[in-house]
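For reference, run_4.txt (compact mmCIF, N, CA and C atoms):
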# COMPACT_ATOMS: atom_id res chain seq x y z
N MET L 1 0.85 -1.17 0.00
CA MET L 1 0.00 0.00 0.00
C MET L 1 0.90 1.24 0.00
N HIS L 2 0.67 2.11 -0.97
CA HIS L 2 1.45 3.35 -1.10
C HIS L 2 0.65 4.50 -0.48
N VAL L 3 1.24 5.15 0.52
CA VAL L 3 0.57 6.21 1.26
C VAL L 3 1.22 7.55 0.95
N LEU L 4 0.41 8.57 0.69
CA LEU L 4 0.86 9.95 0.60
C LEU L 4 0.61 10.58 1.96
N LEU L 5 1.67 11.11 2.57
CA LEU L 5 1.56 11.77 3.86
C LEU L 5 1.93 13.24 3.69
N VAL L 6 0.95 14.12 3.88
CA VAL L 6 1.16 15.56 3.77
C VAL L 6 1.42 16.09 5.18
N ILE L 7 2.58 16.73 5.36
CA ILE L 7 2.94 17.25 6.67
C ILE L 7 2.81 18.77 6.67
N ALA L 8 2.01 19.27 7.60
CA ALA L 8 1.83 20.71 7.79
C ALA L 8 2.37 21.09 9.16
N HIS L 9 2.47 22.39 9.40
CA HIS L 9 3.02 22.86 10.67
C HIS L 9 2.10 22.55 11.84
N GLY L 10 0.83 22.90 11.70
CA GLY L 10 -0.10 22.82 12.81
C GLY L 10 -0.31 24.20 13.41
N SER L 11 -1.47 24.40 14.00
CA SER L 11 -1.83 25.72 14.51
C SER L 11 -2.58 25.58 15.83
N ARG L 12 -2.51 26.63 16.63
CA ARG L 12 -3.35 26.67 17.84
C ARG L 12 -4.81 26.87 17.46
N ARG L 13 -5.05 27.33 16.27
CA ARG L 13 -6.41 27.61 15.79
C ARG L 13 -6.98 26.35 15.12
N CYS L 14 -7.98 25.77 15.73
CA CYS L 14 -8.58 24.52 15.22
C CYS L 14 -9.05 24.64 13.78
N GLU L 15 -9.62 25.80 13.44
CA GLU L 15 -10.13 25.99 12.09
C GLU L 15 -9.02 25.87 11.05
N SER L 16 -7.85 26.34 11.39
CA SER L 16 -6.72 26.24 10.47
C SER L 16 -6.32 24.78 10.27
N ASN L 17 -6.26 24.01 11.34
CA ASN L 17 -5.93 22.59 11.23
C ASN L 17 -7.00 21.84 10.44
N ASN L 18 -8.26 22.20 10.66
CA ASN L 18 -9.34 21.56 9.91
C ASN L 18 -9.27 21.92 8.43
N GLU L 19 -8.82 23.13 8.13
CA GLU L 19 -8.65 23.52 6.73
C GLU L 19 -7.60 22.63 6.05
N ILE L 20 -6.52 22.35 6.75
CA ILE L 20 -5.48 21.46 6.21
C ILE L 20 -6.04 20.05 6.05
N ARG L 21 -6.78 19.58 7.03
CA ARG L 21 -7.39 18.24 6.93
C ARG L 21 -8.30 18.15 5.71
N GLN L 22 -9.10 19.19 5.48
CA GLN L 22 -9.99 19.19 4.32
C GLN L 22 -9.19 19.25 3.02
N PHE L 23 -8.14 20.03 3.01
CA PHE L 23 -7.26 20.11 1.84
C PHE L 23 -6.71 18.74 1.49
N VAL L 24 -6.28 17.99 2.49
CA VAL L 24 -5.73 16.66 2.25
C VAL L 24 -6.83 15.70 1.78
N LYS L 25 -8.04 15.85 2.29
CA LYS L 25 -9.16 15.05 1.78
C LYS L 25 -9.41 15.36 0.31
N ASN L 26 -9.30 16.64 -0.06
CA ASN L 26 -9.48 17.03 -1.46
C ASN L 26 -8.38 16.43 -2.34
N ILE L 27 -7.17 16.39 -1.83
CA ILE L 27 -6.08 15.74 -2.57
C ILE L 27 -6.42 14.28 -2.81
N ALA L 28 -6.91 13.61 -1.78
CA ALA L 28 -7.27 12.20 -1.92
C ALA L 28 -8.33 11.99 -2.99
N GLN L 29 -9.29 12.90 -3.05
CA GLN L 29 -10.37 12.78 -4.03
C GLN L 29 -9.90 13.07 -5.46
N HIS L 30 -8.85 13.89 -5.58
CA HIS L 30 -8.36 14.28 -6.90
C HIS L 30 -7.00 13.68 -7.21
N GLY L 31 -6.60 12.66 -6.46
CA GLY L 31 -5.26 12.11 -6.53
C GLY L 31 -4.95 11.24 -7.73
N ARG L 32 -5.88 11.14 -8.66
CA ARG L 32 -5.65 10.35 -9.86
C ARG L 32 -5.28 8.91 -9.55
N ASN L 33 -5.75 8.40 -8.41
CA ASN L 33 -5.49 7.03 -7.98
C ASN L 33 -4.00 6.72 -7.88
N ALA L 34 -3.18 7.73 -7.64
CA ALA L 34 -1.74 7.52 -7.53
C ALA L 34 -1.36 6.89 -6.20
N PHE L 35 -2.20 7.05 -5.19
CA PHE L 35 -1.90 6.56 -3.85
C PHE L 35 -3.08 5.75 -3.33
N ASP L 36 -2.77 4.76 -2.53
CA ASP L 36 -3.83 3.94 -1.93
C ASP L 36 -4.49 4.65 -0.76
N SER L 37 -3.74 5.55 -0.15
CA SER L 37 -4.24 6.29 1.01
C SER L 37 -3.55 7.64 1.05
N THR L 38 -4.26 8.67 1.49
CA THR L 38 -3.71 10.01 1.63
C THR L 38 -4.03 10.48 3.04
N ARG L 39 -2.97 10.92 3.74
CA ARG L 39 -3.13 11.27 5.15
C ARG L 39 -2.42 12.58 5.46
N VAL L 40 -2.75 13.11 6.63
CA VAL L 40 -2.15 14.36 7.09
C VAL L 40 -1.43 14.12 8.41
N ALA L 41 -0.38 14.91 8.63
CA ALA L 41 0.31 14.92 9.92
C ALA L 41 0.72 16.35 10.22
N PHE L 42 0.93 16.63 11.49
CA PHE L 42 1.31 17.98 11.90
C PHE L 42 2.62 17.92 12.69
N LEU L 43 3.47 18.89 12.43
CA LEU L 43 4.73 18.98 13.15
C LEU L 43 4.50 19.29 14.63
N GLU L 44 3.57 20.20 14.90
CA GLU L 44 3.27 20.57 16.28
C GLU L 44 1.89 21.20 16.36
N LEU L 45 1.39 21.30 17.56
CA LEU L 45 0.15 22.01 17.88
C LEU L 45 -1.13 21.33 17.42
N ALA L 46 -1.04 20.21 16.73
CA ALA L 46 -2.24 19.51 16.26
C ALA L 46 -1.91 18.02 16.12
N GLU L 47 -2.94 17.24 16.01
CA GLU L 47 -2.81 15.79 15.86
C GLU L 47 -3.38 15.35 14.53
N PRO L 48 -2.84 14.29 13.97
CA PRO L 48 -1.78 13.45 14.51
C PRO L 48 -0.41 14.06 14.29
N SER L 49 0.50 13.74 15.17
CA SER L 49 1.89 14.15 15.00
C SER L 49 2.49 13.36 13.84
N ILE L 50 3.64 13.78 13.39
CA ILE L 50 4.32 13.05 12.32
C ILE L 50 4.61 11.62 12.77
N GLU L 51 5.12 11.48 13.99
CA GLU L 51 5.43 10.15 14.50
C GLU L 51 4.20 9.25 14.52
N THR L 52 3.11 9.78 15.05
CA THR L 52 1.87 8.99 15.13
C THR L 52 1.37 8.63 13.74
N ALA L 53 1.40 9.58 12.83
CA ALA L 53 0.90 9.32 11.47
C ALA L 53 1.72 8.24 10.78
N VAL L 54 3.04 8.30 10.91
CA VAL L 54 3.88 7.26 10.29
C VAL L 54 3.58 5.91 10.94
N ASP L 55 3.48 5.88 12.26
CA ASP L 55 3.12 4.63 12.95
C ASP L 55 1.82 4.06 12.42
N GLU L 56 0.81 4.92 12.27
CA GLU L 56 -0.49 4.47 11.77
C GLU L 56 -0.39 3.96 10.35
N CYS L 57 0.37 4.64 9.52
CA CYS L 57 0.56 4.19 8.13
C CYS L 57 1.14 2.78 8.10
N VAL L 58 2.18 2.57 8.87
CA VAL L 58 2.84 1.27 8.89
C VAL L 58 1.92 0.20 9.47
N HIS L 59 1.25 0.52 10.56
CA HIS L 59 0.36 -0.46 11.19
C HIS L 59 -0.84 -0.79 10.30
N ASP L 60 -1.20 0.14 9.41
CA ASP L 60 -2.32 -0.10 8.49
C ASP L 60 -1.87 -0.81 7.22
N GLY L 61 -0.56 -1.12 7.12
CA GLY L 61 -0.08 -1.92 6.00
C GLY L 61 0.68 -1.18 4.93
N ALA L 62 1.13 0.03 5.20
CA ALA L 62 1.88 0.77 4.18
C ALA L 62 3.14 0.00 3.79
N SER L 63 3.38 -0.08 2.50
CA SER L 63 4.61 -0.68 1.99
C SER L 63 5.56 0.41 1.50
N GLN L 64 5.02 1.62 1.36
CA GLN L 64 5.81 2.77 0.93
C GLN L 64 5.06 4.03 1.38
N ILE L 65 5.83 5.02 1.88
CA ILE L 65 5.24 6.29 2.30
C ILE L 65 5.95 7.41 1.55
N THR L 66 5.17 8.23 0.84
CA THR L 66 5.70 9.41 0.19
C THR L 66 5.25 10.62 0.99
N VAL L 67 6.22 11.43 1.40
CA VAL L 67 5.95 12.59 2.25
C VAL L 67 6.09 13.87 1.44
N VAL L 68 5.10 14.75 1.57
CA VAL L 68 5.18 16.09 0.98
C VAL L 68 5.04 17.11 2.11
N PRO L 69 6.11 17.83 2.42
CA PRO L 69 6.01 18.88 3.43
C PRO L 69 5.24 20.08 2.88
N TYR L 70 4.15 20.43 3.55
CA TYR L 70 3.28 21.53 3.12
C TYR L 70 3.76 22.81 3.80
N PHE L 71 4.93 23.28 3.35
CA PHE L 71 5.56 24.49 3.87
C PHE L 71 5.99 25.34 2.70
N LEU L 72 6.05 26.66 2.89
CA LEU L 72 6.40 27.55 1.79
C LEU L 72 7.89 27.83 1.67
N SER L 73 8.64 27.67 2.75
CA SER L 73 10.08 27.95 2.67
C SER L 73 10.85 26.94 3.50
N ALA L 74 12.16 26.93 3.27
CA ALA L 74 13.02 25.96 3.96
C ALA L 74 13.53 26.54 5.27
N GLY L 75 12.60 26.83 6.15
CA GLY L 75 12.98 27.28 7.49
C GLY L 75 13.51 26.11 8.31
N TYR L 76 13.69 26.34 9.58
CA TYR L 76 14.26 25.35 10.47
C TYR L 76 13.46 24.05 10.47
N HIS L 77 12.14 24.16 10.44
CA HIS L 77 11.31 22.95 10.47
C HIS L 77 11.56 22.09 9.24
N VAL L 78 11.60 22.71 8.07
CA VAL L 78 11.81 21.96 6.82
C VAL L 78 13.24 21.45 6.72
N ALA L 79 14.18 22.28 7.11
CA ALA L 79 15.59 21.91 6.97
C ALA L 79 16.06 20.93 8.04
N ARG L 80 15.44 20.97 9.21
CA ARG L 80 15.98 20.17 10.31
C ARG L 80 14.95 19.27 11.00
N ASP L 81 13.87 19.86 11.50
CA ASP L 81 12.93 19.10 12.33
C ASP L 81 12.28 17.93 11.59
N VAL L 82 11.65 18.23 10.46
CA VAL L 82 10.95 17.19 9.71
C VAL L 82 11.91 16.09 9.26
N PRO L 83 13.06 16.41 8.66
CA PRO L 83 13.98 15.34 8.27
C PRO L 83 14.46 14.48 9.44
N GLU L 84 14.70 15.10 10.60
CA GLU L 84 15.15 14.31 11.76
C GLU L 84 14.07 13.35 12.24
N ILE L 85 12.84 13.82 12.29
CA ILE L 85 11.73 12.95 12.71
C ILE L 85 11.57 11.79 11.73
N LEU L 86 11.60 12.11 10.44
CA LEU L 86 11.42 11.07 9.44
C LEU L 86 12.60 10.09 9.40
N ALA L 87 13.80 10.58 9.64
CA ALA L 87 14.97 9.69 9.68
C ALA L 87 14.83 8.70 10.84
N ALA L 88 14.36 9.16 11.98
CA ALA L 88 14.15 8.26 13.12
C ALA L 88 13.10 7.21 12.79
N LYS L 89 12.04 7.63 12.12
CA LYS L 89 10.98 6.69 11.74
C LYS L 89 11.48 5.72 10.67
N GLN L 90 12.33 6.19 9.77
CA GLN L 90 12.88 5.29 8.75
C GLN L 90 13.75 4.22 9.41
N THR L 91 14.49 4.61 10.44
CA THR L 91 15.28 3.63 11.19
C THR L 91 14.37 2.62 11.88
N GLN L 92 13.30 3.11 12.46
CA GLN L 92 12.36 2.24 13.16
C GLN L 92 11.68 1.27 12.20
N TYR L 93 11.32 1.76 11.02
CA TYR L 93 10.60 0.95 10.03
C TYR L 93 11.47 0.79 8.78
N ALA L 94 12.58 0.13 8.93
CA ALA L 94 13.58 0.02 7.85
C ALA L 94 13.03 -0.64 6.59
N LYS L 95 12.03 -1.47 6.72
CA LYS L 95 11.49 -2.19 5.55
C LYS L 95 10.43 -1.41 4.79
N VAL L 96 10.05 -0.24 5.29
CA VAL L 96 9.05 0.60 4.63
C VAL L 96 9.74 1.88 4.17
N PRO L 97 9.98 2.02 2.86
CA PRO L 97 10.63 3.25 2.39
C PRO L 97 9.79 4.49 2.69
N ILE L 98 10.45 5.50 3.24
CA ILE L 98 9.81 6.80 3.49
C ILE L 98 10.55 7.79 2.60
N ASN L 99 9.88 8.23 1.53
CA ASN L 99 10.49 9.12 0.54
C ASN L 99 9.94 10.52 0.70
N THR L 100 10.82 11.44 1.03
CA THR L 100 10.39 12.83 1.24
C THR L 100 10.64 13.64 -0.02
N LYS L 101 9.61 14.28 -0.50
CA LYS L 101 9.69 15.15 -1.68
C LYS L 101 10.01 16.57 -1.24
N ALA L 102 10.25 17.43 -2.20
CA ALA L 102 10.54 18.84 -1.90
C ALA L 102 9.31 19.49 -1.26
N TYR L 103 9.56 20.43 -0.39
CA TYR L 103 8.47 21.17 0.23
C TYR L 103 7.73 21.98 -0.85
N ILE L 104 6.48 22.25 -0.61
CA ILE L 104 5.59 22.88 -1.59
C ILE L 104 6.15 24.19 -2.15
N GLY L 105 6.76 24.99 -1.33
CA GLY L 105 7.28 26.28 -1.77
C GLY L 105 8.34 26.19 -2.86
N ARG L 106 8.98 25.04 -3.00
CA ARG L 106 10.00 24.87 -4.04
C ARG L 106 9.39 24.55 -5.40
N SER L 107 8.13 24.26 -5.43
CA SER L 107 7.47 23.89 -6.68
C SER L 107 7.43 25.07 -7.65
N ALA L 108 7.81 24.82 -8.88
CA ALA L 108 7.77 25.87 -9.90
C ALA L 108 6.35 26.39 -10.12
N GLU L 109 5.37 25.54 -9.87
CA GLU L 109 3.97 25.95 -10.04
C GLU L 109 3.57 27.04 -9.06
N MET L 110 4.31 27.22 -7.98
CA MET L 110 3.99 28.26 -7.00
C MET L 110 4.06 29.66 -7.61
N ILE L 111 4.94 29.85 -8.57
CA ILE L 111 5.07 31.15 -9.23
C ILE L 111 3.75 31.50 -9.92
N ASP L 112 3.24 30.58 -10.70
CA ASP L 112 1.97 30.81 -11.41
C ASP L 112 0.82 30.95 -10.43
N LEU L 113 0.86 30.16 -9.36
CA LEU L 113 -0.20 30.24 -8.37
C LEU L 113 -0.28 31.62 -7.73
N VAL L 114 0.87 32.18 -7.38
CA VAL L 114 0.89 33.52 -6.78
C VAL L 114 0.42 34.58 -7.79
N ILE L 115 0.89 34.47 -9.02
CA ILE L 115 0.46 35.43 -10.05
C ILE L 115 -1.05 35.31 -10.28
N ASP L 116 -1.55 34.08 -10.39
CA ASP L 116 -2.99 33.88 -10.60
C ASP L 116 -3.80 34.45 -9.42
N ALA L 117 -3.31 34.23 -8.20
CA ALA L 117 -4.02 34.74 -7.02
C ALA L 117 -4.03 36.26 -7.03
N ALA L 118 -2.94 36.87 -7.47
CA ALA L 118 -2.87 38.33 -7.50
C ALA L 118 -3.78 38.91 -8.57
N LEU L 119 -4.01 38.19 -9.64
CA LEU L 119 -4.84 38.66 -10.73
C LEU L 119 -6.31 38.33 -10.55
N ASP L 120 -6.60 37.47 -9.60
CA ASP L 120 -7.98 37.03 -9.36
C ASP L 120 -8.86 38.16 -8.87
Once you've parsed the file, please lay out its structure as structure tokens.
Amino acid sequence: MHVLLVIAHGSRRCESNNEIRQFVKNIAQHGRNAFDSTRVAFLELAEPSIETAVDECVHDGASQITVVPYFLSAGYHVARDVPEILAAKQTQYAKVPINTKAYIGRSAEMIDLVIDAALD
């Protein structure tokens, strides 16, 4: 089972976390059947944590986990925190590849997205 795990920062504001949860549900609905499951995790301030989400993926039968950090820039969390957490989980679950993709802000499509939003 191939799982897409979208990692966001998390917020003290429940509505913000729910917005991310809904966004990930929308990804699952429009995912072109590329993944068997699409899930969300939060670095802090919301649940599930990254550790819990990876544990759940593995316990639910994931054979591969693809991670997309939902961050706009390579701050400390993207450069250090998320990779360290995922490296620990990869050690724990050595037989389940955890592949981390570039954070969202690095996507070339972000340029067009910002221009389109400004012109909207």
Open item on the list: Taking only chain L into account, list the residues labelled helix (DSSP H, G or I) by DSSP (computed from the backbone), as a PyMOL selection string.
Closed with: chain L and resi 14-29+50-59+76-92+104-106+109-119
Task: Nearest to L:Leu4, chosen from L:His59, L:Arg39, L:His30, L:Arg21, with only C-alpha atoms counted in the distances - done: L:Arg39
Task: Selected residue, from L:Ala34, L:Ala118, L:Val68, L:Leu5, that lies nearest to L:Ala102 when counting all atoms listed in the file - done: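 Going through L:Ala34, L:Ala118, L:Val68, L:Leu5 one by one, the smallest distance to L:Ala102 is for L:Val68.
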TODO: Pick out the closest residue to L:Thr100 from this set: L:Asn17, L:Ile7, L:Leu43, L:Leu119. Count only C-alpha atoms.
DONE: L:Ile7
Open item on the list: Residues within 7 Å of stretch 105-115 of chain L, please, as a list of chain:residue names. Count all atoms listed in the file; anything in the same chain fewer than 4 positions from it doesn't count.
Closed with: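 Listing them by chain and then by number gives L:Pro69, L:Tyr70, L:Phe71, L:Leu72, L:Ser73, L:Leu119, L:Asp120.
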Do a neighbour search on stretch 88-96 of chain L at 9 Å with only C-alpha atoms, toss out local chain neighbours closer than 5 positions, and write the hits as a PDB file with N, CA and C atoms, in the coordinates of the input.
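Saved as out.pdb:
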ATOM      1  N   GLU L  51       5.120  11.480  13.990  1.00  0.00           N
ATOM      2  CA  GLU L  51       5.430  10.150  14.500  1.00  0.00           C
ATOM      3  C   GLU L  51       4.200   9.250  14.520  1.00  0.00           C
ATOM      4  N   VAL L  54       3.040   8.300  10.910  1.00  0.00           N
ATOM      5  CA  VAL L  54       3.880   7.260  10.290  1.00  0.00           C
ATOM      6  C   VAL L  54       3.580   5.910  10.940  1.00  0.00           C
ATOM      7  N   ASP L  55       3.480   5.880  12.260  1.00  0.00           N
ATOM      8  CA  ASP L  55       3.120   4.630  12.950  1.00  0.00           C
ATOM      9  C   ASP L  55       1.820   4.060  12.420  1.00  0.00           C
ATOM     10  N   VAL L  58       2.180   2.570   8.870  1.00  0.00           N
ATOM     11  CA  VAL L  58       2.840   1.270   8.890  1.00  0.00           C
ATOM     12  C   VAL L  58       1.920   0.200   9.470  1.00  0.00           C
ATOM     13  N   ALA L  62       1.130   0.030   5.200  1.00  0.00           N
ATOM     14  CA  ALA L  62       1.880   0.770   4.180  1.00  0.00           C
ATOM     15  C   ALA L  62       3.140   0.000   3.790  1.00  0.00           C
ATOM     16  N   SER L  63       3.380  -0.080   2.500  1.00  0.00           N
ATOM     17  CA  SER L  63       4.610  -0.680   1.990  1.00  0.00           C
ATOM     18  C   SER L  63       5.560   0.410   1.500  1.00  0.00           C
ATOM     19  N   GLN L  64       5.020   1.620   1.360  1.00  0.00           N
ATOM     20  CA  GLN L  64       5.810   2.770   0.930  1.00  0.00           C
ATOM     21  C   GLN L  64       5.060   4.030   1.380  1.00  0.00           C
ATOM     22  N   ILE L  65       5.830   5.020   1.880  1.00  0.00           N
ATOM     23  CA  ILE L  65       5.240   6.290   2.300  1.00  0.00           C
ATOM     24  C   ILE L  65       5.950   7.410   1.550  1.00  0.00           C
ATOM     25  N   PRO L  83      13.060  16.410   8.660  1.00  0.00           N
ATOM     26  CA  PRO L  83      13.980  15.340   8.270  1.00  0.00           C
ATOM     27  C   PRO L  83      14.460  14.480   9.440  1.00  0.00           C
TER      28      PRO L  83
END
Task: Gap from atom CA of L:Asn33 to atom CA of L:Ser11 - Å, one decimal - done: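 These two atoms are separated by 29.5 Å.
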- [ ] From the DSSP assignment of the backbone, select every residue of chain L that is strand (DSSP E), and format the answer as a list in words.
- [x]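 Output for chain L, strand (DSSP E) only: His2, Val3, Leu4, Leu5, Val6, Ile7, Ala8, Ser37, Thr38, Arg39, Val40, Ala41, Phe42, Gln64, Ile65, Thr66, Val67, Val68, Pro69, Ile98, Asn99 and Thr100 of chain L.
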With N, CA, C and O atoms as the goal, would you fill in the gaps in stretch 58-75 of chain L and present it as a short mmCIF file (atom, residue, chain, number, x, y, z; two decimals), in the coordinates of the input?
data_model
loop_
_atom_site.label_atom_id
_atom_site.label_comp_id
_atom_site.auth_asym_id
_atom_site.auth_seq_id
_atom_site.Cartn_x
_atom_site.Cartn_y
_atom_site.Cartn_z
N VAL L 58 2.18 2.57 8.87
CA VAL L 58 2.84 1.27 8.89
C VAL L 58 1.92 0.20 9.47
O VAL L 58 1.78 -0.89 8.90
N HIS L 59 1.25 0.52 10.56
CA HIS L 59 0.36 -0.46 11.19
C HIS L 59 -0.84 -0.79 10.30
O HIS L 59 -1.40 -1.88 10.40
N ASP L 60 -1.20 0.14 9.41
CA ASP L 60 -2.32 -0.10 8.49
C ASP L 60 -1.87 -0.81 7.22
O ASP L 60 -2.67 -1.05 6.32
N GLY L 61 -0.56 -1.12 7.12
CA GLY L 61 -0.08 -1.92 6.00
C GLY L 61 0.68 -1.18 4.93
O GLY L 61 0.88 -1.72 3.83
N ALA L 62 1.13 0.03 5.20
CA ALA L 62 1.88 0.77 4.18
C ALA L 62 3.14 0.00 3.79
O ALA L 62 3.88 -0.48 4.64
N SER L 63 3.38 -0.08 2.50
CA SER L 63 4.61 -0.68 1.99
C SER L 63 5.56 0.41 1.50
O SER L 63 6.74 0.16 1.26
N GLN L 64 5.02 1.62 1.36
CA GLN L 64 5.81 2.77 0.93
C GLN L 64 5.06 4.03 1.38
O GLN L 64 3.84 4.12 1.27
N ILE L 65 5.83 5.02 1.88
CA ILE L 65 5.24 6.29 2.30
C ILE L 65 5.95 7.41 1.55
O ILE L 65 7.18 7.50 1.59
N THR L 66 5.17 8.23 0.84
CA THR L 66 5.70 9.41 0.19
C THR L 66 5.25 10.62 0.99
O THR L 66 4.06 10.79 1.25
N VAL L 67 6.22 11.43 1.40
CA VAL L 67 5.95 12.59 2.25
C VAL L 67 6.09 13.87 1.44
O VAL L 67 7.07 14.05 0.72
N VAL L 68 5.10 14.75 1.57
CA VAL L 68 5.18 16.09 0.98
C VAL L 68 5.04 17.11 2.11
O VAL L 68 3.97 17.21 2.72
N PRO L 69 6.11 17.83 2.42
CA PRO L 69 6.01 18.88 3.43
C PRO L 69 5.24 20.08 2.88
O PRO L 69 5.62 20.66 1.86
N TYR L 70 4.15 20.43 3.55
CA TYR L 70 3.28 21.53 3.12
C TYR L 70 3.76 22.81 3.80
O TYR L 70 3.14 23.34 4.71
N PHE L 71 4.93 23.28 3.35
CA PHE L 71 5.56 24.49 3.87
C PHE L 71 5.99 25.34 2.70
O PHE L 71 6.30 24.81 1.62
N LEU L 72 6.05 26.66 2.89
CA LEU L 72 6.40 27.55 1.79
C LEU L 72 7.89 27.83 1.67
O LEU L 72 8.36 28.21 0.59
N SER L 73 8.64 27.67 2.75
CA SER L 73 10.08 27.95 2.67
C SER L 73 10.85 26.94 3.50
O SER L 73 10.29 26.22 4.32
N ALA L 74 12.16 26.93 3.27
CA ALA L 74 13.02 25.96 3.96
C ALA L 74 13.53 26.54 5.27
O ALA L 74 14.73 26.73 5.47
N GLY L 75 12.60 26.83 6.15
CA GLY L 75 12.98 27.28 7.49
C GLY L 75 13.51 26.11 8.31
O GLY L 75 13.73 25.00 7.81
#
